[in-house]
file query-v5.cif (mmCIF, C-alpha atoms)
data_upload
#
loop_
_atom_site.label_atom_id
_atom_site.label_comp_id
_atom_site.auth_asym_id
_atom_site.auth_seq_id
_atom_site.Cartn_x
_atom_site.Cartn_y
_atom_site.Cartn_z
CA MET A 1 0.00 0.00 0.00
CA GLY A 2 1.50 3.33 -1.08
CA LEU A 3 1.73 6.58 0.86
CA ILE A 4 -1.30 8.85 0.77
CA LYS A 5 0.79 11.67 -0.70
CA ASP A 6 1.45 9.51 -3.75
CA ILE A 7 -2.11 9.99 -4.98
CA TYR A 8 -0.55 13.13 -6.46
CA SER A 9 1.47 11.41 -9.17
CA VAL A 10 2.52 12.21 -12.73
CA SER A 11 -0.28 9.93 -13.92
CA PHE A 12 -2.82 11.81 -11.82
CA TYR A 13 -1.74 15.21 -13.12
CA GLU A 14 -1.68 13.93 -16.71
CA LYS A 15 -5.29 12.73 -16.45
CA PHE A 16 -6.43 15.78 -14.52
CA GLY A 17 -4.66 18.16 -16.89
CA GLN A 18 -6.32 16.51 -19.86
CA ALA A 19 -9.75 16.84 -18.23
CA VAL A 20 -9.10 20.56 -17.64
CA ALA A 21 -7.82 21.14 -21.18
CA GLU A 22 -10.97 19.65 -22.67
CA VAL A 23 -13.14 22.37 -21.08
CA HIS A 24 -10.57 25.19 -20.83
CA PRO A 25 -8.98 25.62 -24.31
CA SER A 26 -6.31 28.09 -23.16
CA PHE A 27 -5.05 25.72 -20.47
CA ASN A 28 -1.43 24.69 -21.01
CA LYS A 29 -1.26 21.16 -19.62
CA LYS A 30 2.50 20.76 -20.03
CA LYS A 31 3.27 24.04 -18.32
CA PHE A 32 0.82 23.17 -15.53
CA ILE A 33 2.56 19.84 -14.84
CA ASP A 34 6.00 21.39 -15.12
CA THR A 35 4.98 24.04 -12.58
CA ILE A 36 3.60 21.40 -10.22
CA TYR A 37 6.96 19.65 -10.15
CA GLU A 38 9.11 22.75 -9.80
CA GLY A 39 11.10 23.00 -6.58
CA ASN A 40 10.85 20.39 -3.85
CA PHE A 41 7.56 18.69 -4.77
CA ILE A 42 8.96 15.21 -4.02
CA GLN A 43 9.73 16.23 -0.41
CA LYS A 44 6.24 17.60 0.21
CA GLU A 45 3.80 15.62 2.34
CA TRP A 46 0.18 15.01 1.36
CA LYS A 47 -1.35 18.25 2.65
CA GLU A 48 1.53 20.29 1.26
CA ARG A 49 1.06 18.69 -2.15
CA MET A 50 -2.66 19.39 -2.02
CA LYS A 51 -2.12 23.05 -1.10
CA HIS A 52 0.58 23.35 -3.76
CA THR A 53 -1.84 21.98 -6.35
CA THR A 54 -4.39 24.61 -5.34
CA VAL A 55 -1.89 27.42 -5.77
CA VAL A 56 -0.59 26.18 -9.12
CA LEU A 57 -4.10 25.58 -10.45
CA HIS A 58 -5.02 29.15 -9.53
CA GLN A 59 -2.25 30.41 -11.84
CA PHE A 60 -3.99 28.72 -14.78
CA MET A 61 -7.57 29.66 -13.89
CA PRO A 62 -9.53 32.84 -14.72
CA GLN A 63 -8.57 35.48 -12.17
CA ASN A 64 -12.22 36.47 -11.82
CA PHE A 65 -13.47 34.25 -9.00
CA VAL A 66 -16.99 33.86 -10.41
CA GLU A 67 -15.56 32.67 -13.72
CA ALA A 68 -13.13 30.35 -11.89
CA THR A 69 -15.92 28.64 -9.94
CA SER A 70 -17.93 28.23 -13.12
CA LEU A 71 -14.93 26.57 -14.74
CA ILE A 72 -14.46 24.28 -11.72
CA ASP A 73 -18.04 23.07 -12.24
CA LYS A 74 -17.24 22.28 -15.86
CA ILE A 75 -14.03 20.48 -14.89
CA ILE A 76 -15.86 18.35 -12.33
CA GLU A 77 -18.53 17.41 -14.85
CA ASN A 78 -15.81 16.37 -17.28
CA LEU A 79 -14.03 14.37 -14.58
CA LYS A 80 -17.26 12.49 -13.96
CA ARG A 81 -17.67 11.81 -17.66
CA ASN A 82 -14.14 10.44 -17.69
CA ASN A 83 -15.00 8.09 -14.80
CA PHE A 84 -12.92 9.69 -12.09
CA ALA A 85 -14.10 8.25 -8.77
CA ASP A 86 -16.74 10.23 -6.93
CA SER A 87 -15.33 11.81 -3.75
CA ASN A 88 -11.76 10.96 -4.75
CA LEU A 89 -9.60 12.39 -1.98
CA ALA A 90 -7.10 13.84 -4.44
CA PHE A 91 -9.64 16.43 -5.57
CA ILE A 92 -9.97 18.08 -2.17
CA PHE A 93 -7.99 20.95 -3.70
CA PHE A 94 -11.26 22.10 -5.33
CA ALA A 95 -12.68 22.80 -1.86
CA ASP A 96 -9.36 24.30 -0.82
CA TYR A 97 -9.52 26.62 -3.85
CA ILE A 98 -12.79 28.12 -2.57
CA GLU A 99 -11.36 28.48 0.93
CA MET A 100 -8.18 30.18 -0.30
CA TYR A 101 -9.58 32.49 -2.97
CA GLY A 102 -13.27 32.94 -2.18
CA LEU A 103 -13.41 34.09 1.41
CA ASP A 104 -14.35 37.63 0.39
CA ASP A 105 -17.11 36.49 -1.97
CA PHE A 106 -19.70 34.83 0.22
CA GLU A 107 -22.47 34.28 -2.32
CA THR A 108 -20.28 32.77 -5.03
CA SER A 109 -18.45 30.58 -2.53
CA ALA A 110 -21.66 29.30 -0.94
CA LYS A 111 -22.94 28.22 -4.38
CA ALA A 112 -19.59 26.64 -5.16
CA PHE A 113 -19.65 24.61 -1.96
CA VAL A 114 -23.04 23.16 -2.85
CA SER A 115 -21.74 22.09 -6.24
CA ILE A 116 -18.27 20.87 -5.25
CA THR A 117 -19.32 18.92 -2.15
CA GLN A 118 -21.35 16.63 -4.39
CA PHE A 119 -18.00 15.53 -5.85
CA ILE A 120 -15.58 15.96 -2.93
CA SER A 121 -16.47 16.95 0.63
CA CYS A 122 -16.01 20.59 1.62
CA GLU A 123 -16.34 20.12 5.40
CA PHE A 124 -12.91 21.63 6.14
CA ALA A 125 -13.17 24.49 3.65
CA VAL A 126 -16.44 25.90 5.01
CA ARG A 127 -15.04 26.56 8.47
CA PRO A 128 -13.23 29.86 7.77
CA PHE A 129 -16.53 31.08 6.33
CA ILE A 130 -18.34 30.16 9.56
CA LEU A 131 -15.74 32.10 11.52
CA LYS A 132 -15.96 35.16 9.27
CA TYR A 133 -19.68 35.28 8.51
CA LYS A 134 -21.09 33.48 11.59
CA GLU A 135 -24.91 33.77 11.50
CA GLN A 136 -25.02 34.36 7.74
CA MET A 137 -23.12 31.14 7.06
CA ILE A 138 -25.15 29.17 9.60
CA ARG A 139 -28.35 30.33 7.90
CA GLU A 140 -26.97 29.14 4.57
CA MET A 141 -26.01 25.77 6.03
CA THR A 142 -29.47 25.43 7.56
CA LYS A 143 -30.83 25.71 4.01
CA TRP A 144 -28.34 23.04 2.93
CA SER A 145 -29.78 20.71 5.54
CA LEU A 146 -32.97 20.62 3.43
CA HIS A 147 -31.18 20.07 0.13
CA GLU A 148 -32.17 17.14 -2.10
CA ASN A 149 -28.59 15.84 -2.31
CA HIS A 150 -27.34 13.89 0.72
CA HIS A 151 -23.76 15.16 0.29
CA VAL A 152 -25.00 18.74 0.70
CA ARG A 153 -27.12 17.79 3.71
CA ARG A 154 -24.12 16.09 5.30
CA LEU A 155 -21.98 19.19 4.68
CA ALA A 156 -24.48 21.20 6.73
CA SER A 157 -23.94 18.92 9.73
CA GLU A 158 -20.30 17.89 9.33
CA GLY A 159 -19.04 21.34 8.41
CA SER A 160 -20.73 22.94 11.42
CA ARG A 161 -19.27 20.56 14.01
CA PRO A 162 -17.78 22.65 16.83
CA ARG A 163 -14.72 20.37 17.12
CA LEU A 164 -14.29 18.71 13.71
CA PRO A 165 -11.11 16.55 13.94
CA TRP A 166 -8.12 17.68 11.87
CA ALA A 167 -9.84 21.05 11.32
CA MET A 168 -9.95 24.42 13.04
CA ALA A 169 -12.37 24.54 15.96
CA ILE A 170 -15.25 27.03 15.97
CA PRO A 171 -14.98 28.79 19.36
CA PHE A 172 -18.38 30.50 19.30
CA LEU A 173 -20.10 27.17 18.56
CA LYS A 174 -18.15 25.45 21.34
CA LYS A 175 -19.42 28.12 23.70
CA ASP A 176 -23.00 28.18 22.41
CA PRO A 177 -24.14 25.68 19.76
CA SER A 178 -27.76 26.81 19.75
CA SER A 179 -27.51 28.30 16.23
CA ILE A 180 -26.72 24.88 14.68
CA LEU A 181 -29.40 22.91 16.53
CA PRO A 182 -32.00 23.59 13.78
CA ILE A 183 -29.61 21.90 11.33
CA LEU A 184 -29.51 18.78 13.48
CA GLU A 185 -33.26 18.91 13.98
CA ASN A 186 -33.79 18.96 10.22
CA LEU A 187 -31.51 15.96 9.77
CA LYS A 188 -32.49 13.72 12.68
CA ASN A 189 -34.68 11.55 10.40
CA ASP A 190 -32.50 11.77 7.30
CA PRO A 191 -32.83 8.69 5.05
CA SER A 192 -29.04 8.57 4.57
CA GLU A 193 -26.97 6.81 7.24
CA TYR A 194 -24.03 8.88 6.01
CA VAL A 195 -25.90 12.02 7.08
CA ARG A 196 -27.25 10.57 10.33
CA ARG A 197 -23.76 9.54 11.44
CA SER A 198 -22.61 13.11 10.87
CA VAL A 199 -25.47 14.37 13.05
CA ALA A 200 -24.32 11.98 15.78
CA ASN A 201 -20.74 13.21 15.45
CA ASN A 202 -21.93 16.79 15.75
CA LEU A 203 -23.86 15.93 18.92
CA ASN A 204 -20.79 14.21 20.33
CA ASP A 205 -18.77 17.38 19.69
CA ILE A 206 -21.40 19.47 21.47
CA ALA A 207 -21.44 17.05 24.41
CA LYS A 208 -17.77 17.76 25.14
CA ASP A 209 -18.54 21.40 25.97
CA ASN A 210 -22.31 21.46 26.60
CA PRO A 211 -23.41 18.05 27.88
CA GLN A 212 -26.72 19.34 29.20
CA ILE A 213 -27.82 20.43 25.73
CA VAL A 214 -27.16 16.95 24.35
CA LEU A 215 -28.99 15.35 27.29
CA GLU A 216 -32.00 17.55 26.55
CA ILE A 217 -31.89 16.53 22.88
CA ALA A 218 -31.59 12.87 23.87
CA ASN A 219 -34.72 13.12 26.01
CA LYS A 220 -36.56 15.04 23.29
CA TRP A 221 -35.68 12.60 20.49
CA LYS A 222 -35.94 9.37 22.51
CA GLY A 223 -38.25 6.82 20.90
CA HIS A 224 -38.90 8.96 17.83
CA SER A 225 -37.55 6.23 15.54
CA LYS A 226 -34.97 3.47 15.49
CA GLU A 227 -32.69 5.67 13.41
CA THR A 228 -33.00 8.65 15.75
CA ASP A 229 -32.32 6.44 18.78
CA GLY A 230 -29.16 5.33 16.98
CA ILE A 231 -28.09 8.94 16.46
CA ILE A 232 -28.56 9.66 20.15
CA LYS A 233 -26.59 6.62 21.26
CA HIS A 234 -23.66 7.40 18.97
CA GLY A 235 -23.87 11.10 19.78
CA CYS A 236 -23.65 10.38 23.51
CA ARG A 237 -20.65 8.06 23.28
CA THR A 238 -18.30 10.50 25.01
CA LEU A 239 -20.78 11.04 27.84
CA LEU A 240 -21.15 7.27 28.19
CA LYS A 241 -17.37 6.81 28.31
CA GLN A 242 -17.19 9.52 30.94
CA GLY A 243 -19.81 7.70 33.01
CA HIS A 244 -22.07 10.76 32.99
CA PRO A 245 -24.84 9.93 35.51
CA GLU A 246 -27.73 11.42 33.53
CA ILE A 247 -26.93 9.62 30.28
CA LEU A 248 -26.37 6.36 32.16
CA GLY A 249 -29.79 6.87 33.71
CA HIS A 250 -31.23 7.67 30.29
CA TYR A 251 -30.25 4.16 29.17
CA GLY A 252 -31.05 2.45 32.48
CA LEU A 253 -27.40 1.57 33.04
CA GLU A 254 -27.10 0.96 36.79
CA SER A 255 -24.26 -0.93 38.46
CA THR A 256 -26.13 -2.03 41.59
CA ASN A 257 -25.77 -5.77 42.37
CA ILE A 258 -23.47 -6.38 39.44
CA GLU A 259 -20.42 -8.16 40.77
CA LEU A 260 -16.91 -8.06 39.37
CA SER A 261 -14.60 -10.83 40.56
CA SER A 262 -11.35 -12.61 39.70
CA PHE A 263 -10.00 -9.51 37.97
CA GLU A 264 -6.48 -10.45 36.95
CA ILE A 265 -3.73 -9.17 34.68
CA LYS A 266 -2.19 -12.26 33.11
CA THR A 267 0.82 -10.37 31.73
CA PRO A 268 2.02 -8.01 34.50
CA ILE A 269 5.09 -7.19 32.40
CA VAL A 270 4.37 -6.23 28.80
CA LYS A 271 6.95 -5.54 26.14
CA ILE A 272 6.27 -2.76 23.63
CA GLY A 273 5.00 -4.57 20.54
CA ASP A 274 3.16 -7.26 22.54
CA TYR A 275 -0.27 -7.54 24.17
CA LEU A 276 -1.56 -6.89 27.66
CA GLN A 277 -3.73 -9.88 28.61
CA PHE A 278 -6.38 -9.69 31.33
CA GLN A 279 -9.54 -11.46 32.49
CA PHE A 280 -12.39 -11.12 34.99
CA HIS A 281 -15.75 -12.60 35.94
CA LEU A 282 -19.04 -10.73 35.82
CA ASN A 283 -22.22 -11.74 37.65
CA ASN A 284 -25.63 -10.08 37.46
CA LYS A 285 -26.92 -10.63 41.00
CA ASN A 286 -30.18 -8.79 40.35
CA GLU A 287 -33.44 -10.71 40.20
CA GLU A 288 -34.18 -9.33 36.75
CA PRO A 289 -32.23 -9.07 33.49
CA LYS A 290 -29.91 -6.08 33.31
CA THR A 291 -28.31 -4.21 30.43
CA ILE A 292 -24.63 -3.98 31.21
CA ARG A 293 -22.21 -1.70 29.39
CA LEU A 294 -18.73 -3.13 29.83
CA GLU A 295 -15.60 -1.10 29.24
CA TYR A 296 -12.02 -1.07 30.39
CA ALA A 297 -9.67 1.83 30.93
CA VAL A 298 -5.96 1.87 30.28
CA HIS A 299 -4.17 4.54 32.30
CA TYR A 300 -1.21 5.23 30.02
CA LYS A 301 2.00 6.64 31.43
CA LYS A 302 2.86 9.87 29.63
CA ALA A 303 6.17 11.55 28.90
CA LYS A 304 6.00 13.74 32.03
CA GLY A 305 5.22 10.77 34.25
CA HIS A 306 1.50 11.34 34.82
CA LEU A 307 -1.20 8.88 33.81
CA ALA A 308 -3.82 9.56 31.12
CA LYS A 309 -6.95 7.42 30.92
CA LYS A 310 -8.37 6.05 27.68
CA VAL A 311 -11.59 4.02 27.71
CA PHE A 312 -12.27 1.04 25.42
CA LYS A 313 -15.67 -0.56 25.00
CA ILE A 314 -16.06 -4.33 25.42
CA SER A 315 -19.80 -4.80 24.94
CA GLU A 316 -23.26 -3.63 25.86
CA LYS A 317 -25.87 -6.37 26.21
CA ILE A 318 -28.46 -7.93 28.48
CA TYR A 319 -27.28 -10.30 31.24
CA GLN A 320 -29.77 -12.66 32.82
CA PRO A 321 -30.19 -12.99 36.63
CA ASN A 322 -27.22 -14.80 38.20
CA GLN A 323 -25.52 -15.10 34.83
CA LEU A 324 -21.82 -15.57 35.59
CA THR A 325 -19.60 -14.75 32.63
CA LYS A 326 -15.86 -15.00 32.19
CA ILE A 327 -14.37 -12.29 30.00
CA GLU A 328 -10.86 -12.25 28.54
CA ARG A 329 -9.30 -9.46 26.55
CA ASN A 330 -6.02 -8.45 24.93
CA GLN A 331 -4.87 -4.84 24.59
CA SER A 332 -2.28 -4.17 21.93
CA PHE A 333 0.91 -2.25 22.60
CA LYS A 334 2.10 -2.53 19.04
CA LEU A 335 3.69 0.66 17.77
CA ILE A 336 1.29 2.88 15.81
CA THR A 337 1.64 6.37 14.40
CA THR A 338 -1.18 7.83 16.53
CA ARG A 339 0.17 6.81 19.95
CA VAL A 340 3.57 6.98 21.62
CA PHE A 341 4.19 4.47 24.42
CA HIS A 342 6.34 5.26 27.44
CA THR A 343 7.92 2.56 29.56
CA GLY A 344 7.08 2.26 33.24
CA VAL A 345 4.07 1.49 35.42
CA HIS A 346 0.64 1.70 33.76
CA GLN A 347 -2.78 0.90 35.18
CA LEU A 348 -5.89 -1.01 34.10
CA SER A 349 -9.46 -0.88 35.39
CA ILE A 350 -12.84 -2.35 34.46
CA ILE A 351 -15.87 -0.06 34.04
CA ILE A 352 -19.37 -1.45 34.62
CA ASN A 353 -22.22 0.86 33.63
CA GLY A 354 -19.99 3.86 34.21
CA THR A 355 -18.62 2.70 37.57
CA GLU A 356 -14.88 2.12 37.58
CA SER A 357 -13.35 -0.77 39.50
CA GLU A 358 -10.14 -0.78 41.47
CA VAL A 359 -7.09 -0.39 39.28
CA LEU A 360 -4.40 -2.98 38.74
CA GLU A 361 -0.86 -2.14 37.70
CA PHE A 362 1.34 -3.54 34.97
CA GLU A 363 4.75 -2.55 33.66
CA LEU A 364 5.57 -1.68 30.09
CA ILE A 365 9.15 -2.35 29.01
CA ASP A 366 11.24 -1.97 25.84
#
call {"tool": "encode", "arguments": {"input": "query-v5.cif", "output": "structure tokens"}}
result
Amino acid sequence: MGLIKDIYSVSFYEKFGQAVAEVHPSFNKKKFIDTIYEGNFIQKEWKERMKHTTVVLHQFMPQNFVEATSLIDKIIENLKRNNFADSNLAFIFFADYIEMYGLDDFETSAKAFVSITQFISCEFAVRPFILKYKEQMIREMTKWSLHENHHVRRLASEGSRPRLPWAMAIPFLKKDPSSILPILENLKNDPSEYVRRSVANNLNDIAKDNPQIVLEIANKWKGHSKETDGIIKHGCRTLLKQGHPEILGHYGLESTNIELSSFEIKTPIVKIGDYLQFQFHLNNKNEEPKTIRLEYAVHYKKAKGHLAKKVFKISEKIYQPNQLTKIERNQSFKLITTRVFHTGVHQLSIIINGTESEVLEFELID
């Protein structure tokens, strides 16, 4: 499997350049490709290559922004005719083009987002517009939430997330998300799972700063439909991991008379690259069936010596009265790009319906 940056290859630019030339007669494909590869292109990482493509493309586009967006529409239509994959990640530079060169032209950019996002998502590119235009942009996105195309509807929800990962946060929405709640209300019964999952992700963002608002929405939407219940559950995942009492109560997740026993770490010394192995027994000592949400927490040692907790879900299901269950799990300590491991004493705990057990220690070594 190649590196993500290698989607920007000579072959890609040849095909893209040809698609542009077919709808833009004055476009010089050879000069475009030569300009792309000037300087240190090979050393650039994926995002740098994408941004570089945006800048170079701008040199070959009409300098009038309205004309440029019209041409982008024609290019996209030609790409589709030539069987370029829908939502191909390489073409995110179209969205970036609007972000870089259209911030002072709200109306043209808003129309361009509606068009482009049906080919490649514009969720990152809309965020500077939210910051600059605030209520005006939110009103526009509320209209998008009623659009006939599911990609546009998803953009309304995904683009307005207060804490969209890998993107700039929107401070005023973190503080008060009330202006985007009508968007989520419009989309709570959306026929597209792609859209509904975005609504859930937006709710989960809101829950990190305004949990009470999400709890109110959960109570309001509860039982509306199977799909809406699914949105609520996924949108409350952070609150559930935090063991938030109200959301646990919302789902009837109580830990009374649920017994944890024989909790044991089978590998008290773990080498980086191997697995932590642990087991425990669970017994529902209630006289009626109980839904039990099982999780475990790894308290990772950090560079400065403190511990940071990360919660992992095991299961959520119904346990019958006096049902004794043995549970075994492995937790990987294989090296990955998204986590750095530090040697020393770590901790492990079991979480039953939001209630954390005693912690056991294990040592991570090189």
call {"tool": "closest_residue", "arguments": {"input": "query-v5.cif", "among": "A:Glu358, A:Glu140, A:Asp209, A:Glu107", "to": "Val152 of chain A", "atoms": "all atoms listed in the file"}}
result
A:Glu140
call {"tool": "closest_residue", "arguments": {"input": "query-v5.cif", "among": "A:Leu3, A:Ile247, A:Ile327, A:Ala308", "to": "Ile350 of chain A", "atoms": "only C-alpha atoms"}}
result
A:Ile327
call {"tool": "resolve_selection", "arguments": {"input": "query-v5.cif", "expression": "the PyMOL selection byres ((chain A and resi 280-288) around 9)", "output": "list of chain:residue names"}}
result
A:Thr256, A:Asn257, A:Ile258, A:Glu259, A:Leu260, A:Ser261, A:Ser262, A:Phe263, A:Glu264, A:Ile265, A:Phe278, A:Gln279, A:Pro289, A:Lys290, A:Ile292, A:Tyr319, A:Gln320, A:Pro321, A:Asn322, A:Gln323, A:Leu324, A:Thr325, A:Lys326, A:Ile327, A:Glu328, A:Ile350
call {"tool": "residues_around", "arguments": {"input": "query-v5.cif", "residues": "Phe106 of chain A", "least_positions_apart": "2", "cutoff": "10 Å", "atoms": "all atoms listed in the file", "output": "JSON list (two decimals) with C-alpha atoms, in the coordinates of the input"}}
result
[["chain", "number", "residue", "atom", "x", "y", "z"],
["A", 102, "GLY", "CA", -13.27, 32.94, -2.18],
["A", 103, "LEU", "CA", -13.41, 34.09, 1.41],
["A", 104, "ASP", "CA", -14.35, 37.63, 0.39],
["A", 108, "THR", "CA", -20.28, 32.77, -5.03],
["A", 109, "SER", "CA", -18.45, 30.58, -2.53],
["A", 110, "ALA", "CA", -21.66, 29.30, -0.94],
["A", 111, "LYS", "CA", -22.94, 28.22, -4.38],
["A", 112, "ALA", "CA", -19.59, 26.64, -5.16],
["A", 129, "PHE", "CA", -16.53, 31.08, 6.33],
["A", 132, "LYS", "CA", -15.96, 35.16, 9.27],
["A", 133, "TYR", "CA", -19.68, 35.28, 8.51],
["A", 136, "GLN", "CA", -25.02, 34.36, 7.74],
["A", 137, "MET", "CA", -23.12, 31.14, 7.06]]
call {"tool": "closest_residue", "arguments": {"input": "query-v5.cif", "among": "A:Arg161, A:His342, A:Arg197, A:Lys266", "to": "Ile138 of chain A", "atoms": "only C-alpha atoms"}}
result
A:Arg161
call {"tool": "closest_residue", "arguments": {"input": "query-v5.cif", "among": "A:Arg139, A:Lys30, A:His52, A:Lys302", "to": "Pro182 of chain A", "atoms": "all atoms listed in the file"}}
result
A:Arg139
call {"tool": "atom_distance", "arguments": {"input": "query-v5.cif", "atom1": "atom CA of Asn64 of chain A", "atom2": "atom CA of Arg49 of chain A"}}
result
24.2 Å
call {"tool": "residues_around", "arguments": {"input": "query-v5.cif", "residues": "Ile33 of chain A", "least_positions_apart": "2", "cutoff": "9 Å", "atoms": "only C-alpha atoms", "output": "PDB file with C-alpha atoms, keeping the file's coordinate frame"}}
result
ATOM      1  CA  VAL A  10       2.520  12.210 -12.730  1.00  0.00           C
ATOM      2  CA  TYR A  13      -1.740  15.210 -13.120  1.00  0.00           C
ATOM      3  CA  GLU A  14      -1.680  13.930 -16.710  1.00  0.00           C
ATOM      4  CA  GLY A  17      -4.660  18.160 -16.890  1.00  0.00           C
ATOM      5  CA  ASN A  28      -1.430  24.690 -21.010  1.00  0.00           C
ATOM      6  CA  LYS A  29      -1.260  21.160 -19.620  1.00  0.00           C
ATOM      7  CA  LYS A  30       2.500  20.760 -20.030  1.00  0.00           C
ATOM      8  CA  LYS A  31       3.270  24.040 -18.320  1.00  0.00           C
ATOM      9  CA  THR A  35       4.980  24.040 -12.580  1.00  0.00           C
ATOM     10  CA  ILE A  36       3.600  21.400 -10.220  1.00  0.00           C
ATOM     11  CA  TYR A  37       6.960  19.650 -10.150  1.00  0.00           C
ATOM     12  CA  GLU A  38       9.110  22.750  -9.800  1.00  0.00           C
TER      13      GLU A  38
END
call {"tool": "resolve_selection", "arguments": {"input": "query-v5.cif", "expression": "the PyMOL selection byres ((chain A and resi 331) around 10)", "output": "PDB file with C-alpha atoms, in the frame of the given file"}}
result
ATOM      1  CA  ASP A 274       3.160  -7.260  22.540  1.00  0.00           C
ATOM      2  CA  TYR A 275      -0.270  -7.540  24.170  1.00  0.00           C
ATOM      3  CA  LEU A 276      -1.560  -6.890  27.660  1.00  0.00           C
ATOM      4  CA  GLN A 277      -3.730  -9.880  28.610  1.00  0.00           C
ATOM      5  CA  PHE A 278      -6.380  -9.690  31.330  1.00  0.00           C
ATOM      6  CA  TYR A 296     -12.020  -1.070  30.390  1.00  0.00           C
ATOM      7  CA  VAL A 298      -5.960   1.870  30.280  1.00  0.00           C
ATOM      8  CA  PHE A 312     -12.270   1.040  25.420  1.00  0.00           C
ATOM      9  CA  ARG A 329      -9.300  -9.460  26.550  1.00  0.00           C
ATOM     10  CA  ASN A 330      -6.020  -8.450  24.930  1.00  0.00           C
ATOM     11  CA  SER A 332      -2.280  -4.170  21.930  1.00  0.00           C
ATOM     12  CA  PHE A 333       0.910  -2.250  22.600  1.00  0.00           C
ATOM     13  CA  LYS A 334       2.100  -2.530  19.040  1.00  0.00           C
TER      14      LYS A 334
END
call {"tool": "atom_distance", "arguments": {"input": "query-v5.cif", "atom1": "atom CA of Val114 of chain A", "atom2": "atom CA of Ser192 of chain A"}}
result
17.4 Å
call {"tool": "resolve_selection", "arguments": {"input": "query-v5.cif", "expression": "the PyMOL selection byres ((chain A and resi 21) around 12)", "output": "list in words"}}
result
Tyr13, Glu14, Lys15, Phe16, Gly17, Gln18, Ala19, Val20, Glu22, Val23, His24, Pro25, Ser26, Phe27, Asn28, Lys29, Lys30, Lys31, Phe32, Phe60, Met61, Leu71, Ile72, Lys74, Ile75, Asn78 and Leu79 of chain A
call {"tool": "residues_around", "arguments": {"input": "query-v5.cif", "residues": "Arg293 of chain A", "least_positions_apart": "3", "cutoff": "6 Å", "atoms": "only C-alpha atoms", "output": "list in words"}}
result
Ser315, Glu316, Ile352 and Asn353 of chain A
call {"tool": "closest_residue", "arguments": {"input": "query-v5.cif", "among": "A:Gly235, A:Gly159, A:Pro211, A:Gly243", "to": "Asp176 of chain A", "atoms": "all atoms listed in the file"}}
result
A:Pro211
call {"tool": "residues_near_point", "arguments": {"input": "query-v5.cif", "point": "(-26.9, 23.3, 10.7)", "cutoff": "8 Å", "atoms": "only C-alpha atoms", "output": "PDB file with C-alpha atoms, in the coordinates of the input"}}
result
ATOM      1  CA  ILE A 138     -25.150  29.170   9.600  1.00  0.00           C
ATOM      2  CA  ARG A 139     -28.350  30.330   7.900  1.00  0.00           C
ATOM      3  CA  MET A 141     -26.010  25.770   6.030  1.00  0.00           C
ATOM      4  CA  THR A 142     -29.470  25.430   7.560  1.00  0.00           C
ATOM      5  CA  TRP A 144     -28.340  23.040   2.930  1.00  0.00           C
ATOM      6  CA  SER A 145     -29.780  20.710   5.540  1.00  0.00           C
ATOM      7  CA  ALA A 156     -24.480  21.200   6.730  1.00  0.00           C
ATOM      8  CA  SER A 157     -23.940  18.920   9.730  1.00  0.00           C
ATOM      9  CA  SER A 160     -20.730  22.940  11.420  1.00  0.00           C
ATOM     10  CA  SER A 179     -27.510  28.300  16.230  1.00  0.00           C
ATOM     11  CA  ILE A 180     -26.720  24.880  14.680  1.00  0.00           C
ATOM     12  CA  LEU A 181     -29.400  22.910  16.530  1.00  0.00           C
ATOM     13  CA  PRO A 182     -32.000  23.590  13.780  1.00  0.00           C
ATOM     14  CA  ILE A 183     -29.610  21.900  11.330  1.00  0.00           C
ATOM     15  CA  LEU A 184     -29.510  18.780  13.480  1.00  0.00           C
TER      16      LEU A 184
END
call {"tool": "atom_distance", "arguments": {"input": "query-v5.cif", "atom1": "atom CA of Glu67 of chain A", "atom2": "atom CA of Arg81 of chain A"}}
result
21.3 Å
call {"tool": "closest_residue", "arguments": {"input": "query-v5.cif", "among": "A:Pro268, A:Gln43, A:Tyr194, A:Arg127", "to": "Pro171 of chain A", "atoms": "only C-alpha atoms"}}
result
A:Arg127
call {"tool": "residues_around", "arguments": {"input": "query-v5.cif", "residues": "Val345 of chain A", "least_positions_apart": "5", "cutoff": "7 Å", "atoms": "all atoms listed in the file", "output": "list in words"}}
result
Lys301, Glu361, Phe362, Glu363 and Leu364 of chain A
call {"tool": "residues_near_point", "arguments": {"input": "query-v5.cif", "point": "(5.0, 15.3, -1.0)", "cutoff": "10 Å", "atoms": "all atoms listed in the file", "output": "ChimeraX atom specification"}}
result
/A:3-9,40-50,52
